[in-house]
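K.L.:
Can you read through this structure? Questions will come right after.
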Amino acid sequence: MNRLSPIPTAASDTAAHPWWRGAVIYQIYPRSYADSNGDGIGDLPGVTARLDHIARLGVDAIWLSPFFTSPMKDFGYDVADYCDVDPIFGTLADFDALVARAHALGLKVMIDQVYAHTSDQHAWFAESRQSRINPKADWYIWADAKPEGSPPSNWQSVFGGPAWTWDARRGQYYLHNFLSSQPQLNGHNPDVQQALLDVAGFWLDRGVDGFRLDALNFAMHDPALTDNPPAPDDGKPRTRPFDFQLRKFNQSHADIPAFIERIRKLTDSYDAVFTMAEVGGEEALSEMRLYTQGSTRLNSAYGFDFLYADALDPKTVAEAQSDWPDAKGTGWPSWAFENHDAPRALSRWCAPRDRDVFARLKMLLFMCLRGNVILYQGEELGLTQVDIPFEQLQDPEAIANWPLTLSRDGARTPMPWTAQDEHGGFTDSQPWLPLGKDNLSRATDRQECDPASLLNLTRDLVALRKADPALREGTFETLLADDSVLAFRRRAEGRSLLCAFNLSAQPQAWPVKAPGTVLIAVNGAQPGSHLPAFGGIVIEEEA
């Protein structure tokens, strides 16, 4: 990297510039961040002890994946008690200490909320399944069998097999869009909605600054239980029955936005709370826009454009940005290149020999996007996907669909803190997943003392983005997006930045003439006749 001019002065923080708009948010997967008690599983005290690392990155907020009481059949996304901490991760007092420490370091705290389903061990479900007349009888989706005993509809679950399971207590089927141990909440029921709003209020009262709303488009279904139509064959491998249907009726009901508005009304009653929807599926873009439309719905939506992309190419980036124009009433996007469900980007997007240079280019491009940037833990170290053998798999989807579904475990491996430690300083016992030798070599302590490391570059790039209004909130104009080169302009408050990237392994012609001052560059990029292989540069254009 070379930085040839000072970072600009930060824009003032006013009501017109909420903290979350253009923020860099660091996702923590608590099981794999840091283990404080030696059981091989990360926990909340471990997170608290390592928050300084995140604060030094200069990010705005942390997002904690689920830590709630759970049987852990889907590692916390099967919630048994929304208002408590699972003993694996600690206690409510540990959570309070984490929030206090994060706030002291200037970090906002976001947490997941899972409103589509609970665990089958939740007290609500235990009551609901007892009879058809108890107070929570319709808190979940129950339906009679068809005359011949088959499930009420043809809906299929994400993790494989029918989305219906028979329950002898009620003599009915219950719906589950994921595991059979994750019964679907009846989001249409106003009492259920209020109970979920009460959960949000519980965490807001404990100092939480924002929510990521998991699988939000699964929150409501078609009450008529209409069969889904078959999906046309697009040539892609179909590894689950779920892939054979267009999911028209088991999700994405038109009443979801009204519930979203209730959520927003609650969060607006607290100061500067950020709400972000996770929405997947074939209709994700239209639903994300719907869920973030205007000023009474969610602040942002979590895009999947890059999480499962086979390559980081100019056209994919340009199209993703064009989907969120700078227009009144249009929502604000949040981007991730990696997360706990998707394979590590460096293992998808470049050859092993190019990983070091590509990681630098990728990070620079990431910090130049319009929208929020969500860094997944270890991304700042350049971690790669770990190959987990079948006998060590923990991921229920991968086990059920082996070997056709790529295990999510390979992106959930523990953080390497100390290169010379057998378990990377993550734990002093056997970790719940192996770290991987390649990732151990990228440990934090090894990169801390290397001025040219990806870790230190990430700090510089976060600082640049945070300080420059054009990068944080400015408009986005694509100038070139061909097979190899991406060039775009970011503008705000009288500043104009040219951002140019060569996403190929061969030198490419310089894309746009732009006299000005180089703010930052990677992999030898400089204004001239060519952009070097994997070169990237940001130029402050002359007025």
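Following the order of the structure tokens, first chain is A, next is B, and so on, with residues numbered from 1 inside each chain and ligands from 1 in the order they appear.
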Find the residues near A:Pro527: any atom within 12 Å, counting only C-alpha atoms, skip ones fewer than 3 places away on the same chain, and give them as a list in words.
P.N.:
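Skipping anything fewer than 3 positions along the chain leaves Leu498, Cys499, Ala500, Phe501, Ala509, Trp510, Pro511, Val512, Lys513, Ala514, Pro515, Gly516, Thr517, Val518, Leu519, Ile520, Ala521, Gly524, His530, Leu531, Pro532, Gly535, Gly536, Ile537, Val538, Ile539, Glu540 and Glu541 of chain A.
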K.L.:
Pick out the residues sitting within 10 Å of A:Val373, and hand them over as a ChimeraX atom specification; count only C-alpha atoms, and ignore anything fewer than 4 positions along from it in its own chain.
P.N.:
/A:21-26,59,302,333-337,366-369,462,472
K.L.:
Generate a file of the selected residues that holds N, CA, C and O atoms, formatted as a short mmCIF file (atom, residue, chain, number, x, y, z; two decimals), in the first residue's frame.
P.N.:
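The resulting file, again25.cif, is reproduced below:
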```cif
data_model
loop_
_atom_site.label_atom_id
_atom_site.label_comp_id
_atom_site.auth_asym_id
_atom_site.auth_seq_id
_atom_site.Cartn_x
_atom_site.Cartn_y
_atom_site.Cartn_z
N ARG A 21 -25.14 5.18 8.99
CA ARG A 21 -25.15 5.38 7.54
C ARG A 21 -23.73 5.43 7.01
O ARG A 21 -22.97 6.36 7.25
N GLY A 22 -23.36 4.39 6.28
CA GLY A 22 -22.00 4.26 5.79
C GLY A 22 -21.05 3.63 6.79
O GLY A 22 -19.83 3.62 6.59
N ALA A 23 -21.60 3.07 7.86
CA ALA A 23 -20.78 2.51 8.94
C ALA A 23 -20.03 1.26 8.50
O ALA A 23 -20.42 0.56 7.55
N VAL A 24 -18.97 0.97 9.22
CA VAL A 24 -18.28 -0.32 9.13
C VAL A 24 -18.64 -1.11 10.38
O VAL A 24 -18.42 -0.65 11.51
N ILE A 25 -19.24 -2.26 10.18
CA ILE A 25 -19.76 -3.10 11.27
C ILE A 25 -19.00 -4.42 11.27
O ILE A 25 -18.83 -5.05 10.22
N TYR A 26 -18.55 -4.84 12.43
CA TYR A 26 -17.73 -6.04 12.56
C TYR A 26 -18.59 -7.18 13.12
O TYR A 26 -19.09 -7.10 14.24
N VAL A 59 -13.70 0.47 13.54
CA VAL A 59 -15.06 0.26 13.06
C VAL A 59 -16.06 0.99 13.96
O VAL A 59 -15.73 1.42 15.06
N TYR A 302 -29.68 -6.35 4.31
CA TYR A 302 -28.41 -7.09 4.23
C TYR A 302 -28.36 -7.85 2.92
O TYR A 302 -29.08 -8.83 2.72
N PRO A 333 -28.36 0.13 1.57
CA PRO A 333 -27.91 -1.26 1.61
C PRO A 333 -26.79 -1.50 2.63
O PRO A 333 -26.09 -0.57 3.04
N SER A 334 -26.66 -2.74 3.02
CA SER A 334 -25.52 -3.21 3.82
C SER A 334 -24.89 -4.38 3.07
O SER A 334 -25.61 -5.29 2.63
N TRP A 335 -23.58 -4.37 2.94
CA TRP A 335 -22.88 -5.36 2.12
C TRP A 335 -21.98 -6.24 2.98
O TRP A 335 -21.37 -5.77 3.94
N ALA A 336 -21.90 -7.49 2.60
CA ALA A 336 -20.95 -8.41 3.21
C ALA A 336 -20.32 -9.25 2.11
O ALA A 336 -21.02 -9.70 1.20
N PHE A 337 -19.03 -9.46 2.19
CA PHE A 337 -18.33 -10.38 1.29
C PHE A 337 -18.26 -11.78 1.90
O PHE A 337 -18.10 -12.77 1.20
N PHE A 366 -13.98 -2.94 -1.03
CA PHE A 366 -15.04 -3.06 -0.03
C PHE A 366 -15.28 -1.72 0.66
O PHE A 366 -16.42 -1.27 0.82
N MET A 367 -14.21 -1.05 1.06
CA MET A 367 -14.33 0.20 1.79
C MET A 367 -14.76 1.38 0.92
O MET A 367 -15.05 2.45 1.43
N CYS A 368 -14.80 1.16 -0.38
CA CYS A 368 -15.23 2.23 -1.29
C CYS A 368 -16.68 2.09 -1.73
O CYS A 368 -17.19 2.96 -2.45
N LEU A 369 -17.37 1.03 -1.32
CA LEU A 369 -18.74 0.82 -1.75
C LEU A 369 -19.70 1.79 -1.05
O LEU A 369 -19.47 2.20 0.08
N VAL A 462 -10.25 1.62 6.87
CA VAL A 462 -11.41 1.99 7.69
C VAL A 462 -11.32 3.46 8.09
O VAL A 462 -12.31 4.20 8.05
N ARG A 472 -18.11 7.58 2.78
CA ARG A 472 -19.06 7.11 3.79
C ARG A 472 -20.52 7.23 3.33
O ARG A 472 -21.30 6.32 3.53
#
```
K.L.:
Among stretch 327-427 of chain A, which residues does DSSP mark as alpha helix (DSSP H) when it is run on the backbone? Keep the chain and numbering as in the structure and answer as a list in words.
P.N.:
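Everything in stretch 327-427 of chain A that counts as alpha helix (DSSP H) is Ala345, Leu346, Ser347, Arg348, Trp349, Arg355, Asp356, Val357, Phe358, Ala359, Arg360, Leu361, Lys362, Met363, Leu364, Leu365, Phe366, Met367, Pro396, Glu397, Ala398, Ile399 and Ala400 of chain A.
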K.L.:
Could you name the residues that touch stretch 247-257 of chain A at 8 Å or less, counting only C-alpha atoms, but leaving out those on the same chain fewer than 5 positions away, as a CSV table (one decimal) with all heavy atoms, in the first residue's frame?
P.N.:
```csv
chain,number,residue,atom,x,y,z
A,155,TRP,N,-44.9,-27.7,0.8
A,155,TRP,CA,-43.7,-26.8,1.1
A,155,TRP,C,-42.6,-27.7,1.6
A,155,TRP,O,-42.7,-28.7,2.4
A,155,TRP,CB,-44.1,-25.8,2.2
A,155,TRP,CG,-45.2,-24.9,1.7
A,155,TRP,CD1,-45.7,-24.7,0.5
A,155,TRP,CD2,-46.0,-24.0,2.6
A,155,TRP,NE1,-46.7,-23.8,0.5
A,155,TRP,CE2,-46.9,-23.3,1.7
A,155,TRP,CE3,-46.0,-23.8,3.9
A,155,TRP,CZ2,-47.8,-22.4,2.2
A,155,TRP,CZ3,-46.9,-22.8,4.4
A,155,TRP,CH2,-47.8,-22.2,3.6
A,177,ASN,N,-39.7,-24.0,8.5
A,177,ASN,CA,-39.0,-23.7,7.2
A,177,ASN,C,-37.5,-24.1,7.2
A,177,ASN,O,-36.8,-24.1,6.2
A,177,ASN,CB,-39.1,-22.2,6.9
A,177,ASN,CG,-40.4,-21.9,6.2
A,177,ASN,OD1,-40.8,-22.4,5.2
A,177,ASN,ND2,-41.2,-21.0,6.9
A,188,HIS,N,-48.5,-13.7,11.9
A,188,HIS,CA,-49.8,-13.0,11.7
A,188,HIS,C,-50.5,-12.7,13.0
A,188,HIS,O,-51.3,-11.8,13.1
A,188,HIS,CB,-50.7,-13.9,10.8
A,188,HIS,CG,-50.2,-14.1,9.5
A,188,HIS,ND1,-50.3,-13.2,8.5
A,188,HIS,CD2,-49.6,-15.2,8.9
A,188,HIS,CE1,-49.8,-13.7,7.3
A,188,HIS,NE2,-49.4,-14.9,7.6
A,217,ASN,N,-38.0,-12.4,5.8
A,217,ASN,CA,-39.0,-12.7,4.9
A,217,ASN,C,-39.7,-14.1,5.1
A,217,ASN,O,-40.7,-14.4,4.4
A,217,ASN,CB,-38.5,-12.7,3.4
A,217,ASN,CG,-37.3,-13.5,3.2
A,217,ASN,OD1,-36.6,-13.9,4.1
A,217,ASN,ND2,-37.0,-13.8,1.9
A,218,PHE,N,-39.2,-14.8,6.1
A,218,PHE,CA,-39.9,-16.1,6.5
A,218,PHE,C,-40.9,-15.8,7.7
A,218,PHE,O,-41.5,-16.7,8.2
A,218,PHE,CB,-38.9,-17.1,7.0
A,218,PHE,CG,-38.2,-17.8,5.8
A,218,PHE,CD1,-37.0,-17.4,5.4
A,218,PHE,CD2,-38.8,-18.9,5.2
A,218,PHE,CE1,-36.4,-18.1,4.3
A,218,PHE,CE2,-38.2,-19.6,4.2
A,218,PHE,CZ,-37.0,-19.2,3.7
A,219,ALA,N,-41.1,-14.6,8.1
A,219,ALA,CA,-41.9,-14.3,9.3
A,219,ALA,C,-43.3,-14.5,9.1
A,219,ALA,O,-44.1,-14.7,10.1
A,219,ALA,CB,-41.6,-12.8,9.7
A,220,MET,N,-43.8,-14.5,7.9
A,220,MET,CA,-45.3,-14.8,7.6
A,220,MET,C,-45.4,-15.6,6.3
A,220,MET,O,-44.7,-15.5,5.4
A,220,MET,CB,-46.1,-13.5,7.5
A,220,MET,CG,-46.1,-12.7,8.8
A,220,MET,SD,-47.1,-11.2,8.6
A,220,MET,CE,-46.5,-10.2,10.0
A,221,HIS,N,-46.5,-16.4,6.3
A,221,HIS,CA,-46.8,-17.3,5.2
A,221,HIS,C,-48.2,-17.1,4.7
A,221,HIS,O,-49.0,-16.3,5.3
A,221,HIS,CB,-46.7,-18.7,5.7
A,221,HIS,CG,-47.8,-19.1,6.7
A,221,HIS,ND1,-47.9,-18.4,7.9
A,221,HIS,CD2,-48.9,-19.9,6.7
A,221,HIS,CE1,-49.0,-18.8,8.6
A,221,HIS,NE2,-49.6,-19.8,7.9
A,222,ASP,N,-48.6,-17.8,3.7
A,222,ASP,CA,-49.9,-17.7,3.1
A,222,ASP,C,-50.8,-18.6,4.0
A,222,ASP,O,-50.7,-19.8,4.1
A,222,ASP,CB,-50.0,-18.3,1.7
A,222,ASP,CG,-51.4,-18.5,1.2
A,222,ASP,OD1,-52.3,-17.8,1.6
A,222,ASP,OD2,-51.5,-19.3,0.2
A,225,LEU,N,-52.3,-21.9,2.9
A,225,LEU,CA,-51.4,-23.0,2.7
A,225,LEU,C,-51.4,-23.5,1.3
A,225,LEU,O,-51.3,-24.7,1.0
A,225,LEU,CB,-51.7,-24.2,3.7
A,225,LEU,CG,-51.9,-23.8,5.2
A,225,LEU,CD1,-52.1,-25.1,6.0
A,225,LEU,CD2,-50.6,-23.1,5.7
A,226,THR,N,-51.4,-22.6,0.4
A,226,THR,CA,-51.3,-22.9,-1.1
A,226,THR,C,-50.0,-23.6,-1.5
A,226,THR,O,-48.9,-23.2,-1.0
A,226,THR,CB,-51.5,-21.6,-1.9
A,226,THR,OG1,-52.7,-20.9,-1.4
A,226,THR,CG2,-51.6,-21.9,-3.4
A,227,ASP,N,-50.1,-24.6,-2.3
A,227,ASP,CA,-48.9,-25.3,-2.7
A,227,ASP,C,-48.0,-24.4,-3.5
A,227,ASP,O,-48.5,-23.5,-4.3
A,227,ASP,CB,-49.3,-26.5,-3.6
A,227,ASP,CG,-49.7,-27.7,-2.8
A,227,ASP,OD1,-49.6,-27.7,-1.6
A,227,ASP,OD2,-50.2,-28.7,-3.5
A,228,ASN,N,-46.7,-24.5,-3.3
A,228,ASN,CA,-45.7,-23.8,-4.1
A,228,ASN,C,-45.7,-24.4,-5.5
A,228,ASN,O,-45.7,-25.6,-5.7
A,228,ASN,CB,-44.4,-23.8,-3.5
A,228,ASN,CG,-44.2,-22.8,-2.4
A,228,ASN,OD1,-44.8,-21.7,-2.4
A,228,ASN,ND2,-43.3,-23.1,-1.4
A,229,PRO,N,-45.5,-23.5,-6.6
A,229,PRO,CA,-45.3,-24.1,-7.9
A,229,PRO,C,-43.9,-24.6,-8.1
A,229,PRO,O,-43.0,-24.2,-7.4
A,229,PRO,CB,-45.6,-22.9,-8.8
A,229,PRO,CG,-45.2,-21.7,-8.0
A,229,PRO,CD,-45.5,-22.1,-6.5
A,287,GLU,N,-37.9,-7.4,-2.1
A,287,GLU,CA,-38.3,-7.5,-0.7
A,287,GLU,C,-37.5,-6.6,0.2
A,287,GLU,O,-38.0,-5.9,1.1
A,287,GLU,CB,-38.3,-8.9,-0.2
A,287,GLU,CG,-39.4,-9.8,-0.8
A,287,GLU,CD,-39.3,-11.2,-0.4
A,287,GLU,OE1,-38.5,-11.6,0.5
A,287,GLU,OE2,-40.0,-12.1,-1.0
A,290,LEU,N,-38.7,-3.1,-0.3
A,290,LEU,CA,-40.0,-3.0,0.4
A,290,LEU,C,-39.8,-2.8,1.9
A,290,LEU,O,-40.4,-2.0,2.5
A,290,LEU,CB,-40.8,-4.2,0.1
A,290,LEU,CG,-42.3,-4.2,0.7
A,290,LEU,CD1,-43.1,-3.1,0.0
A,290,LEU,CD2,-42.9,-5.6,0.5
A,291,TYR,N,-38.9,-3.6,2.5
A,291,TYR,CA,-38.7,-3.6,3.9
A,291,TYR,C,-38.0,-2.3,4.4
A,291,TYR,O,-38.0,-2.0,5.6
A,291,TYR,CB,-38.0,-4.8,4.4
A,291,TYR,CG,-38.7,-6.1,4.1
A,291,TYR,CD1,-38.1,-7.3,4.3
A,291,TYR,CD2,-40.1,-6.2,3.7
A,291,TYR,CE1,-38.7,-8.5,4.1
A,291,TYR,CE2,-40.7,-7.4,3.4
A,291,TYR,CZ,-40.0,-8.5,3.6
A,291,TYR,OH,-40.7,-9.7,3.4
A,297,ARG,N,-40.0,2.2,8.0
A,297,ARG,CA,-39.6,0.8,8.0
A,297,ARG,C,-38.1,0.7,8.4
A,297,ARG,O,-37.6,1.5,9.1
A,297,ARG,CB,-39.9,0.2,6.6
A,297,ARG,CG,-41.4,0.2,6.3
A,297,ARG,CD,-41.8,-0.4,5.0
A,297,ARG,NE,-43.2,-0.3,4.8
A,297,ARG,CZ,-43.9,-0.6,3.7
A,297,ARG,NH1,-43.2,-1.0,2.7
A,297,ARG,NH2,-45.2,-0.4,3.6
```
K.L.:
Using only C-alpha atoms, determine which residues lie at most 9 Å from A:Arg459, disregarding the query and same-chain residues fewer than 5 positions distant; provide the list as a PyMOL selection string.
P.N.:
chain A and resi 56-59+380+454+464
